[in-house]
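Next comes query_23.cif, a file with mmCIF, C-alpha atoms; chains and numbers go by the auth columns.
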data_upload
loop_
_atom_site.group_PDB
_atom_site.id
_atom_site.type_symbol
_atom_site.label_atom_id
_atom_site.label_comp_id
_atom_site.label_asym_id
_atom_site.label_seq_id
_atom_site.Cartn_x
_atom_site.Cartn_y
_atom_site.Cartn_z
_atom_site.B_iso_or_equiv
_atom_site.auth_seq_id
_atom_site.auth_asym_id
ATOM 1 C CA MET A 1 -63.266 214.834 158.214 0.00 22 O
ATOM 2 C CA LYS A 2 -65.205 211.979 159.798 0.00 23 O
ATOM 3 C CA ALA A 3 -68.264 212.750 157.686 0.00 24 O
ATOM 4 C CA LEU A 4 -66.094 212.801 154.559 0.00 25 O
ATOM 5 C CA LEU A 5 -64.634 209.402 155.407 0.00 26 O
ATOM 6 C CA GLN A 6 -68.072 207.952 156.073 0.00 27 O
ATOM 7 C CA ARG A 7 -69.326 209.289 152.763 0.00 28 O
ATOM 8 C CA TRP A 8 -66.529 207.914 150.596 0.00 29 O
ATOM 9 C CA ALA A 9 -65.473 204.825 152.563 0.00 30 O
ATOM 10 C CA PRO A 10 -67.947 202.423 150.823 0.00 31 O
ATOM 11 C CA ALA A 11 -66.784 203.459 147.359 0.00 32 O
ATOM 12 C CA ALA A 12 -63.126 203.271 148.386 0.00 33 O
ATOM 13 C CA PHE A 13 -63.542 199.780 149.855 0.00 34 O
ATOM 14 C CA LEU A 14 -65.408 198.592 146.754 0.00 35 O
ATOM 15 C CA LEU A 15 -62.714 199.916 144.415 0.00 36 O
ATOM 16 C CA LEU A 16 -60.003 198.378 146.577 0.00 37 O
ATOM 17 C CA ALA A 17 -61.766 195.009 146.572 0.00 38 O
ATOM 18 C CA LEU A 18 -62.245 195.092 142.803 0.00 39 O
ATOM 19 C CA GLY A 19 -58.612 196.085 142.323 0.00 40 O
ATOM 20 C CA LEU A 20 -57.380 193.204 144.496 0.00 41 O
ATOM 21 C CA LEU A 21 -59.659 190.772 142.672 0.00 42 O
ATOM 22 C CA TRP A 22 -58.384 192.067 139.338 0.00 43 O
ATOM 23 C CA GLU A 23 -54.764 191.720 140.501 0.00 44 O
ATOM 24 C CA TRP A 24 -55.359 188.174 141.696 0.00 45 O
ATOM 25 C CA ALA A 25 -57.160 187.145 138.501 0.00 46 O
ATOM 26 C CA SER A 26 -54.293 188.391 136.355 0.00 47 O
ATOM 27 C CA ARG A 27 -51.445 187.015 138.470 0.00 48 O
ATOM 28 C CA SER A 28 -53.045 183.630 139.117 0.00 49 O
ATOM 29 C CA GLY A 29 -53.716 182.974 135.444 0.00 50 O
ATOM 30 C CA ALA A 30 -57.481 182.891 135.835 0.00 51 O
ATOM 31 C CA VAL A 31 -57.472 185.552 133.104 0.00 52 O
ATOM 32 C CA PRO A 32 -54.525 185.664 130.668 0.00 53 O
ATOM 33 C CA PRO A 33 -52.328 188.708 131.427 0.00 54 O
ATOM 34 C CA TYR A 34 -52.179 189.556 127.721 0.00 55 O
ATOM 35 C CA LEU A 35 -55.950 190.070 127.830 0.00 56 O
ATOM 36 C CA LEU A 36 -56.277 191.687 131.253 0.00 57 O
ATOM 37 C CA PRO A 37 -52.990 193.043 132.621 0.00 58 O
ATOM 38 C CA ALA A 38 -52.700 193.420 136.374 0.00 59 O
ATOM 39 C CA PRO A 39 -53.273 196.887 137.890 0.00 60 O
ATOM 40 C CA SER A 40 -49.691 196.818 139.160 0.00 61 O
ATOM 41 C CA ARG A 41 -48.450 196.296 135.598 0.00 62 O
ATOM 42 C CA ILE A 42 -50.612 199.144 134.311 0.00 63 O
ATOM 43 C CA ALA A 43 -49.302 201.428 137.046 0.00 64 O
ATOM 44 C CA ALA A 44 -45.732 200.436 136.183 0.00 65 O
ATOM 45 C CA VAL A 45 -46.300 201.317 132.520 0.00 66 O
ATOM 46 C CA LEU A 46 -47.727 204.685 133.536 0.00 67 O
ATOM 47 C CA VAL A 47 -44.688 205.439 135.662 0.00 68 O
ATOM 48 C CA GLU A 48 -42.163 204.173 133.124 0.00 69 O
ATOM 49 C CA ASP A 49 -43.708 205.894 130.099 0.00 70 O
ATOM 50 C CA PHE A 50 -45.206 208.965 131.756 0.00 71 O
ATOM 51 C CA ALA A 51 -42.948 211.192 129.668 0.00 72 O
ATOM 52 C CA SER A 52 -44.772 209.809 126.625 0.00 73 O
ATOM 53 C CA PHE A 53 -48.242 210.000 128.153 0.00 74 O
ATOM 54 C CA ALA A 54 -47.920 213.483 129.684 0.00 75 O
ATOM 55 C CA PRO A 55 -48.003 215.549 126.440 0.00 76 O
ATOM 56 C CA ALA A 56 -50.923 213.496 125.106 0.00 77 O
ATOM 57 C CA TRP A 57 -52.789 213.864 128.386 0.00 78 O
ATOM 58 C CA GLY A 58 -52.173 217.601 128.374 0.00 79 O
ATOM 59 C CA PHE A 59 -53.460 217.880 124.805 0.00 80 O
ATOM 60 C CA THR A 60 -56.657 215.995 125.627 0.00 81 O
ATOM 61 C CA LEU A 61 -57.225 218.160 128.703 0.00 82 O
ATOM 62 C CA GLN A 62 -56.578 221.276 126.652 0.00 83 O
ATOM 63 C CA VAL A 63 -59.293 220.299 124.191 0.00 84 O
ATOM 64 C CA THR A 64 -61.661 219.268 126.997 0.00 85 O
ATOM 65 C CA PHE A 65 -61.319 222.451 129.044 0.00 86 O
ATOM 66 C CA GLY A 66 -61.402 224.653 125.964 0.00 87 O
ATOM 67 C CA ALA A 67 -64.591 223.037 124.701 0.00 88 O
ATOM 68 C CA LEU A 68 -66.171 223.125 128.162 0.00 89 O
ATOM 69 C CA GLY A 69 -65.388 226.820 128.526 0.00 90 O
ATOM 70 C CA LEU A 70 -66.923 227.564 125.137 0.00 91 O
ATOM 71 C CA ALA A 71 -69.962 225.448 126.027 0.00 92 O
ATOM 72 C CA CYS A 72 -70.466 227.317 129.308 0.00 93 O
ATOM 73 C CA LEU A 73 -70.203 230.718 127.639 0.00 94 O
ATOM 74 C CA SER A 74 -72.417 229.888 124.682 0.00 95 O
ATOM 75 C CA GLY A 75 -74.888 227.953 126.835 0.00 96 O
ATOM 76 C CA LEU A 76 -75.325 230.816 129.288 0.00 97 O
ATOM 77 C CA LEU A 77 -75.629 233.455 126.582 0.00 98 O
ATOM 78 C CA GLY A 78 -77.996 231.294 124.553 0.00 99 O
ATOM 79 C CA ALA A 79 -80.231 230.499 127.529 0.00 100 O
ATOM 80 C CA ALA A 80 -80.366 234.168 128.546 0.00 101 O
ATOM 81 C CA ALA A 81 -81.256 235.206 124.990 0.00 102 O
ATOM 82 C CA PHE A 82 -83.949 232.530 124.742 0.00 103 O
ATOM 83 C CA ALA A 83 -85.427 233.520 128.117 0.00 104 O
ATOM 84 C CA LEU A 84 -85.667 237.178 127.109 0.00 105 O
ATOM 85 C CA ALA A 85 -86.768 236.572 123.508 0.00 106 O
ATOM 86 C CA PRO A 86 -89.083 233.554 123.070 0.00 107 O
ATOM 87 C CA ALA A 87 -89.243 234.170 119.316 0.00 108 O
ATOM 88 C CA LEU A 88 -85.480 233.691 119.142 0.00 109 O
ATOM 89 C CA GLU A 89 -85.839 230.422 121.033 0.00 110 O
ATOM 90 C CA ARG A 90 -88.470 229.145 118.615 0.00 111 O
ATOM 91 C CA ALA A 91 -86.157 229.971 115.719 0.00 112 O
ATOM 92 C CA LEU A 92 -82.849 228.638 117.035 0.00 113 O
ATOM 93 C CA LEU A 93 -83.622 225.911 119.576 0.00 114 O
ATOM 94 C CA PRO A 94 -84.404 223.310 116.876 0.00 115 O
ATOM 95 C CA LEU A 95 -80.892 223.837 115.509 0.00 116 O
ATOM 96 C CA ALA A 96 -79.411 223.205 118.943 0.00 117 O
ATOM 97 C CA VAL A 97 -81.517 220.062 119.297 0.00 118 O
ATOM 98 C CA ALA A 98 -80.375 218.906 115.854 0.00 119 O
ATOM 99 C CA LEU A 99 -76.748 219.259 116.932 0.00 120 O
ATOM 100 C CA GLN A 100 -77.453 217.294 120.093 0.00 121 O
ATOM 101 C CA VAL A 101 -79.200 214.347 118.435 0.00 122 O
ATOM 102 C CA THR A 102 -76.697 213.984 115.581 0.00 123 O
ATOM 103 C CA PRO A 103 -73.958 211.479 116.521 0.00 124 O
ATOM 104 C CA LEU A 104 -70.559 213.124 116.838 0.00 125 O
ATOM 105 C CA VAL A 105 -68.882 210.378 114.824 0.00 126 O
ATOM 106 C CA ALA A 106 -71.144 211.337 111.903 0.00 127 O
ATOM 107 C CA ILE A 107 -70.267 215.039 111.826 0.00 128 O
ATOM 108 C CA ALA A 108 -66.684 214.978 113.151 0.00 129 O
ATOM 109 C CA PRO A 109 -65.197 214.109 109.724 0.00 130 O
ATOM 110 C CA LEU A 110 -67.016 217.062 108.185 0.00 131 O
ATOM 111 C CA ILE A 111 -65.804 219.426 110.899 0.00 132 O
ATOM 112 C CA LEU A 112 -62.240 218.165 110.445 0.00 133 O
ATOM 113 C CA ILE A 113 -62.519 218.881 106.718 0.00 134 O
ATOM 114 C CA TYR A 114 -64.100 222.336 107.021 0.00 135 O
ATOM 115 C CA VAL A 115 -61.908 223.619 109.886 0.00 136 O
ATOM 116 C CA ASP A 116 -58.286 223.886 108.802 0.00 137 O
ATOM 117 C CA ASP A 117 -56.688 224.109 112.244 0.00 138 O
ATOM 118 C CA PRO A 118 -56.663 220.633 113.909 0.00 139 O
ATOM 119 C CA LEU A 119 -56.940 221.990 117.454 0.00 140 O
ATOM 120 C CA ALA A 120 -59.847 224.270 116.514 0.00 141 O
ATOM 121 C CA ALA A 121 -61.590 221.352 114.798 0.00 142 O
ATOM 122 C CA LEU A 122 -61.259 219.194 117.906 0.00 143 O
ATOM 123 C CA LEU A 123 -62.587 222.050 120.057 0.00 144 O
ATOM 124 C CA VAL A 124 -65.637 222.385 117.828 0.00 145 O
ATOM 125 C CA CYS A 125 -66.284 218.629 117.951 0.00 146 O
ATOM 126 C CA ALA A 126 -66.091 218.529 121.746 0.00 147 O
ATOM 127 C CA TRP A 127 -68.163 221.722 122.051 0.00 148 O
ATOM 128 C CA VAL A 128 -70.975 220.215 119.977 0.00 149 O
ATOM 129 C CA VAL A 129 -71.692 217.498 122.539 0.00 150 O
ATOM 130 C CA ALA A 130 -71.111 219.627 125.664 0.00 151 O
ATOM 131 C CA PHE A 131 -73.160 222.663 124.636 0.00 152 O
ATOM 132 C CA PHE A 132 -76.763 221.439 124.718 0.00 153 O
ATOM 133 C CA PRO A 133 -76.958 220.105 128.316 0.00 154 O
ATOM 134 C CA ILE A 134 -75.714 223.441 129.651 0.00 155 O
ATOM 135 C CA LEU A 135 -78.096 225.381 127.421 0.00 156 O
ATOM 136 C CA ALA A 136 -81.126 223.231 128.253 0.00 157 O
ATOM 137 C CA ASN A 137 -80.529 223.089 132.016 0.00 158 O
ATOM 138 C CA THR A 138 -79.801 226.802 132.309 0.00 159 O
ATOM 139 C CA LEU A 139 -82.886 227.663 130.275 0.00 160 O
ATOM 140 C CA ALA A 140 -84.992 225.442 132.546 0.00 161 O
ATOM 141 C CA GLY A 141 -83.556 227.273 135.555 0.00 162 O
ATOM 142 C CA LEU A 142 -84.314 230.679 134.096 0.00 163 O
ATOM 143 C CA ARG A 143 -87.919 229.622 133.583 0.00 164 O
ATOM 144 C CA ALA A 144 -88.226 228.191 137.088 0.00 165 O
ATOM 145 C CA ALA A 145 -88.098 231.583 138.824 0.00 166 O
ATOM 146 C CA ASP A 146 -90.888 232.167 141.323 0.00 167 O
ATOM 147 C CA ALA A 147 -93.938 233.651 139.598 0.00 168 O
ATOM 148 C CA GLY A 148 -94.644 235.955 142.536 0.00 169 O
ATOM 149 C CA LEU A 149 -91.149 237.405 142.400 0.00 170 O
ATOM 150 C CA GLN A 150 -91.450 237.908 138.672 0.00 171 O
ATOM 151 C CA GLU A 151 -94.690 239.839 139.203 0.00 172 O
ATOM 152 C CA LEU A 152 -92.955 241.913 141.864 0.00 173 O
ATOM 153 C CA PHE A 153 -90.181 242.836 139.433 0.00 174 O
ATOM 154 C CA ARG A 154 -92.766 243.812 136.838 0.00 175 O
ATOM 155 C CA LEU A 155 -94.625 245.880 139.442 0.00 176 O
ATOM 156 C CA TYR A 156 -91.443 247.844 140.098 0.00 177 O
ATOM 157 C CA ARG A 157 -90.933 248.252 136.346 0.00 178 O
ATOM 158 C CA ALA A 158 -87.650 246.336 136.248 0.00 179 O
ATOM 159 C CA THR A 159 -86.086 246.091 132.808 0.00 180 O
ATOM 160 C CA PRO A 160 -85.588 242.653 131.232 0.00 181 O
ATOM 161 C CA LEU A 161 -81.858 242.864 131.915 0.00 182 O
ATOM 162 C CA GLN A 162 -82.504 243.746 135.570 0.00 183 O
ATOM 163 C CA ARG A 163 -84.838 240.766 135.913 0.00 184 O
ATOM 164 C CA LEU A 164 -82.199 238.581 134.319 0.00 185 O
ATOM 165 C CA ARG A 165 -79.391 239.886 136.520 0.00 186 O
ATOM 166 C CA TRP A 166 -81.133 239.989 139.897 0.00 187 O
ATOM 167 C CA LEU A 167 -83.810 237.295 139.649 0.00 188 O
ATOM 168 C CA LEU A 168 -83.428 234.775 136.863 0.00 189 O
ATOM 169 C CA LEU A 169 -79.675 234.088 136.857 0.00 190 O
ATOM 170 C CA PRO A 170 -79.260 233.601 140.631 0.00 191 O
ATOM 171 C CA GLY A 171 -82.181 231.177 140.697 0.00 192 O
ATOM 172 C CA ALA A 172 -80.789 229.263 137.713 0.00 193 O
ATOM 173 C CA ALA A 173 -77.433 228.535 139.364 0.00 194 O
ATOM 174 C CA PRO A 174 -78.333 224.974 140.516 0.00 195 O
ATOM 175 C CA TYR A 175 -79.677 224.151 137.068 0.00 196 O
ATOM 176 C CA PHE A 176 -76.558 225.530 135.393 0.00 197 O
ATOM 177 C CA LEU A 177 -74.348 223.429 137.660 0.00 198 O
ATOM 178 C CA ALA A 178 -76.408 220.339 136.858 0.00 199 O
ATOM 179 C CA GLY A 179 -75.858 221.020 133.175 0.00 200 O
ATOM 180 C CA LEU A 180 -72.170 221.671 133.817 0.00 201 O
ATOM 181 C CA ARG A 181 -71.831 218.298 135.536 0.00 202 O
ATOM 182 C CA VAL A 182 -73.218 216.567 132.438 0.00 203 O
ATOM 183 C CA GLY A 183 -71.395 218.828 130.004 0.00 204 O
ATOM 184 C CA ALA A 184 -68.014 218.260 131.660 0.00 205 O
ATOM 185 C CA GLY A 185 -68.198 214.531 131.062 0.00 206 O
ATOM 186 C CA LEU A 186 -69.490 215.004 127.533 0.00 207 O
ATOM 187 C CA ALA A 187 -66.687 217.456 126.721 0.00 208 O
ATOM 188 C CA LEU A 188 -64.121 214.794 127.614 0.00 209 O
ATOM 189 C CA ILE A 189 -66.003 212.169 125.613 0.00 210 O
ATOM 190 C CA GLY A 190 -66.227 214.547 122.664 0.00 211 O
ATOM 191 C CA ALA A 191 -62.518 215.316 122.853 0.00 212 O
ATOM 192 C CA VAL A 192 -61.578 211.637 122.832 0.00 213 O
ATOM 193 C CA VAL A 193 -64.010 210.735 120.025 0.00 214 O
ATOM 194 C CA ALA A 194 -62.800 213.693 117.976 0.00 215 O
ATOM 195 C CA GLU A 195 -59.187 212.605 118.573 0.00 216 O
ATOM 196 C CA PHE A 196 -60.006 209.123 117.303 0.00 217 O
ATOM 197 C CA THR A 197 -61.512 210.609 114.150 0.00 218 O
ATOM 198 C CA ALA A 198 -58.634 213.030 113.670 0.00 219 O
ATOM 199 C CA GLY A 199 -56.167 210.225 114.304 0.00 220 O
ATOM 200 C CA ALA A 200 -57.488 208.402 111.263 0.00 221 O
ATOM 201 C CA ALA A 201 -56.366 211.430 109.201 0.00 222 O
ATOM 202 C CA GLY A 202 -52.987 211.702 110.886 0.00 223 O
ATOM 203 C CA HIS A 203 -53.777 214.726 113.061 0.00 224 O
ATOM 204 C CA GLN A 204 -53.604 213.295 116.558 0.00 225 O
ATOM 205 C CA THR A 205 -51.486 213.899 119.615 0.00 226 O
ATOM 206 C CA GLY A 206 -53.916 213.113 122.443 0.00 227 O
ATOM 207 C CA LEU A 207 -54.645 210.109 124.617 0.00 228 O
ATOM 208 C CA ALA A 208 -56.832 208.598 121.919 0.00 229 O
ATOM 209 C CA SER A 209 -53.762 208.285 119.693 0.00 230 O
ATOM 210 C CA ARG A 210 -51.988 206.408 122.491 0.00 231 O
ATOM 211 C CA LEU A 211 -54.943 204.039 122.636 0.00 232 O
ATOM 212 C CA LEU A 212 -54.827 203.535 118.877 0.00 233 O
ATOM 213 C CA GLU A 213 -51.082 202.954 118.854 0.00 234 O
ATOM 214 C CA ALA A 214 -51.346 200.424 121.670 0.00 235 O
ATOM 215 C CA MET A 215 -54.272 198.698 119.960 0.00 236 O
ATOM 216 C CA PHE A 216 -52.365 198.307 116.700 0.00 237 O
ATOM 217 C CA ARG A 217 -49.453 196.797 118.653 0.00 238 O
ATOM 218 C CA THR A 218 -51.757 194.708 120.885 0.00 239 O
ATOM 219 C CA ASP A 219 -50.051 196.360 123.850 0.00 240 O
ATOM 220 C CA MET A 220 -52.741 195.873 126.483 0.00 241 O
ATOM 221 C CA PRO A 221 -50.918 197.538 129.424 0.00 242 O
ATOM 222 C CA ARG A 222 -50.466 200.747 127.432 0.00 243 O
ATOM 223 C CA MET A 223 -54.099 200.658 126.334 0.00 244 O
ATOM 224 C CA PHE A 224 -55.259 200.347 129.930 0.00 245 O
ATOM 225 C CA ALA A 225 -52.791 203.042 131.015 0.00 246 O
ATOM 226 C CA ALA A 226 -54.225 205.531 128.505 0.00 247 O
ATOM 227 C CA LEU A 227 -57.737 204.519 129.503 0.00 248 O
ATOM 228 C CA ALA A 228 -56.855 205.033 133.171 0.00 249 O
ATOM 229 C CA LEU A 229 -55.731 208.596 132.438 0.00 250 O
ATOM 230 C CA ILE A 230 -58.979 209.291 130.585 0.00 251 O
ATOM 231 C CA MET A 231 -61.008 207.926 133.492 0.00 252 O
ATOM 232 C CA ALA A 232 -58.937 209.925 135.984 0.00 253 O
ATOM 233 C CA SER A 233 -59.599 213.056 133.926 0.00 254 O
ATOM 234 C CA GLY A 234 -63.339 212.424 133.998 0.00 255 O
ATOM 235 C CA LEU A 235 -63.358 211.804 137.739 0.00 256 O
ATOM 236 C CA GLY A 236 -61.311 214.936 138.285 0.00 257 O
ATOM 237 C CA LEU A 237 -63.753 217.008 136.254 0.00 258 O
ATOM 238 C CA GLN A 238 -66.697 215.670 138.236 0.00 259 O
ATOM 239 C CA ALA A 239 -64.894 216.386 141.508 0.00 260 O
ATOM 240 C CA ALA A 240 -64.114 219.937 140.363 0.00 261 O
ATOM 241 C CA VAL A 241 -67.761 220.577 139.473 0.00 262 O
ATOM 242 C CA ALA A 242 -68.871 219.133 142.823 0.00 263 O
ATOM 243 C CA LEU A 243 -66.433 221.449 144.625 0.00 264 O
ATOM 244 C CA LEU A 244 -67.687 224.436 142.631 0.00 265 O
ATOM 245 C CA GLU A 245 -71.257 223.494 143.491 0.00 266 O
ATOM 246 C CA ARG A 246 -70.415 223.214 147.169 0.00 267 O
ATOM 247 C CA LEU A 247 -68.629 226.577 147.236 0.00 268 O
ATOM 248 C CA TRP A 248 -71.250 228.377 145.153 0.00 269 O
ATOM 249 C CA ILE A 249 -74.625 227.111 146.362 0.00 270 O
ATOM 250 C CA GLY A 250 -73.762 224.721 149.179 0.00 271 O
ATOM 251 C CA ARG A 251 -74.869 227.046 151.958 0.00 272 O
ATOM 252 C CA TRP A 252 -78.306 227.445 150.354 0.00 273 O
ATOM 253 C CA HIS A 253 -78.866 223.773 149.655 0.00 274 O
ATOM 254 C CA GLY A 254 -77.320 222.225 152.752 0.00 275 O
ATOM 255 C CA ARG A 255 -74.491 220.470 150.907 0.00 276 O
#
Any chance you could put this one into structure tokens?
Amino acid sequence: MKALLQRWAPAAFLLLALGLLWEWASRSGAVPPYLLPAPSRIAAVLVEDFASFAPAWGFTLQVTFGALGLACLSGLLGAAAFALAPALERALLPLAVALQVTPLVAIAPLILIYVDDPLAALLVCAWVVAFFPILANTLAGLRAADAGLQELFRLYRATPLQRLRWLLLPGAAPYFLAGLRVGAGLALIGAVVAEFTAGAAGHQTGLASRLLEAMFRTDMPRMFAALALIMASGLGLQAAVALLERLWIGRWHGR
């Protein structure tokens, strides 16, 4: 417990100091409250209107977790296939890179047109940005297996699937988790960006729609409240990945 407090105390004190400074700046008039509402006002809006925010928050999380799950599954399967079949990698990896380097805002309208179901379209949009980091990191981990151990497996005539199961995948776990850490944040970003795009067409029930509604009404407290929920979601995802990393590989990496 003491080590945990020592680790997080600096960040907690910094956030507390920034929050107090923000509160003072808003209440004292140094910054107009209609431009920068006080944290206490934002918290009050969250409490008062949580019944309105909760369904939107749940929808955004549903899209985020769904896309992240699809990205993990497809990234693992794709990396395993590429590691076992280099010819397949040479054929398909450029397509994955093309998806990664194409801005989501450029292809989201097309996805929303081609996919009839709004939820499925949002899942595809969020999956597009979360998929590649998991694929690339896992593939790097599969290739980082010790050369001596790989020769040993070949000496014992292990099949490709046996090498994958008992050598390559266990060694790739840290790389996969590194990709998951990046992909989790990108899945949330993709969900919000996709919601903004879908909101322009009238298909929107997530936190991005609450941001748009508040923006059109110039309701700054509600805008910050929706933004706070998005930030809390991102921090929660990062904390969940860190916990998974600690439980999975912590004893091997001293974490």
Discussion item. Using all atoms listed in the file, list the residues that have an atom at most 9 Å from (-63.9, 214.2, 121.0), coordinates as in the file, as a VMD selection string.
Written reply: chain O and resid 81 84 to 85 125 to 126 129 143 to 148 150 207 to 218
For the residues in that selection, give me C-alpha atoms as a compact mmCIF listing (two decimals), in the coordinates of the input.
# COMPACT_ATOMS: atom_id res chain seq x y z
CA THR O 81 -56.66 216.00 125.63
CA VAL O 84 -59.29 220.30 124.19
CA THR O 85 -61.66 219.27 127.00
CA LEU O 125 -70.56 213.12 116.84
CA VAL O 126 -68.88 210.38 114.82
CA ALA O 129 -66.68 214.98 113.15
CA LEU O 143 -61.26 219.19 117.91
CA LEU O 144 -62.59 222.05 120.06
CA VAL O 145 -65.64 222.38 117.83
CA CYS O 146 -66.28 218.63 117.95
CA ALA O 147 -66.09 218.53 121.75
CA TRP O 148 -68.16 221.72 122.05
CA VAL O 150 -71.69 217.50 122.54
CA LEU O 207 -69.49 215.00 127.53
CA ALA O 208 -66.69 217.46 126.72
CA LEU O 209 -64.12 214.79 127.61
CA ILE O 210 -66.00 212.17 125.61
CA GLY O 211 -66.23 214.55 122.66
CA ALA O 212 -62.52 215.32 122.85
CA VAL O 213 -61.58 211.64 122.83
CA VAL O 214 -64.01 210.74 120.02
CA ALA O 215 -62.80 213.69 117.98
CA GLU O 216 -59.19 212.60 118.57
CA PHE O 217 -60.01 209.12 117.30
CA THR O 218 -61.51 210.61 114.15
Can you translate the PyMOL selection byres ((chain O and resi 163-165) around 7) into the concrete residues it hits in this file, as a PDB file with C-alpha atoms, in the coordinates of the input?
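Once written, result22.pdb looks like this:
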ATOM      1  CA  ALA O 104     -85.427 233.520 128.117  1.00  0.00           C
ATOM      2  CA  THR O 159     -79.801 226.802 132.309  1.00  0.00           C
ATOM      3  CA  LEU O 160     -82.886 227.663 130.275  1.00  0.00           C
ATOM      4  CA  ALA O 161     -84.992 225.442 132.546  1.00  0.00           C
ATOM      5  CA  GLY O 162     -83.556 227.273 135.555  1.00  0.00           C
ATOM      6  CA  ALA O 166     -88.098 231.583 138.824  1.00  0.00           C
ATOM      7  CA  ASP O 167     -90.888 232.167 141.323  1.00  0.00           C
ATOM      8  CA  LEU O 189     -83.428 234.775 136.863  1.00  0.00           C
ATOM      9  CA  LEU O 190     -79.675 234.088 136.857  1.00  0.00           C
ATOM     10  CA  GLY O 192     -82.181 231.177 140.697  1.00  0.00           C
ATOM     11  CA  ALA O 193     -80.789 229.263 137.713  1.00  0.00           C
TER      12      ALA O 193
END
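For segment 35-51 of chain O, the non-local neighbours within 8 Å, defined as residues at least 4 positions apart in the same chain or in other chains and counting all atoms listed in the file, are Pro31, Leu57, Pro58, Ala59, Pro60 and Ser61 of chain O.
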Can you spit out the residues from that selection as a tab-separated table (two decimals), in the frame of the given file, using C-alpha atoms?
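Listed below is the output, result-v4.tsv:
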chain	number	residue	atom	x	y	z
O	31	PRO	CA	-67.95	202.42	150.82
O	57	LEU	CA	-56.28	191.69	131.25
O	58	PRO	CA	-52.99	193.04	132.62
O	59	ALA	CA	-52.70	193.42	136.37
O	60	PRO	CA	-53.27	196.89	137.89
O	61	SER	CA	-49.69	196.82	139.16
Practice prompt. Would you write out, as a VMD selection string, every residue that the PyMOL selection byres ((chain O and resi 205) around 8) captures in this file?
Written response: chain O and resid 85 89 151 201 to 204 206 to 209 255 258 to 259
List as a PDB file with C-alpha atoms, in the coordinates of the input the protein and nucleic acid residues near Ser95 of chain O, meaning an atom at most 8 Å away when all atoms listed in the file are counted, but skip any in the same chain fewer than 3 places from it.
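This is the output file result.pdb:
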ATOM      1  CA  LEU O  91     -66.923 227.564 125.137  1.00  0.00           C
ATOM      2  CA  ALA O  92     -69.962 225.448 126.027  1.00  0.00           C
ATOM      3  CA  LEU O  98     -75.629 233.455 126.582  1.00  0.00           C
ATOM      4  CA  GLY O  99     -77.996 231.294 124.553  1.00  0.00           C
ATOM      5  CA  PHE O 152     -73.160 222.663 124.636  1.00  0.00           C
ATOM      6  CA  LEU O 156     -78.096 225.381 127.421  1.00  0.00           C
TER       7      LEU O 156
END
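Using all atoms listed in the file for every distance, the candidate list O:Ala127, O:Val136, O:Leu182, O:Val66 yields O:Leu182 as the residue closest to Ala106 of chain O.
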Worksheet item: Which is closer to Leu232 of chain O than all the others in O:Trp78, O:Val118, O:Leu185, O:Ile155, using all atoms listed in the file?
Response: O:Trp78
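Here atom CA of Ala142 of chain O is placed at a distance of 26.6 Å from atom CA of Phe71 of chain O.
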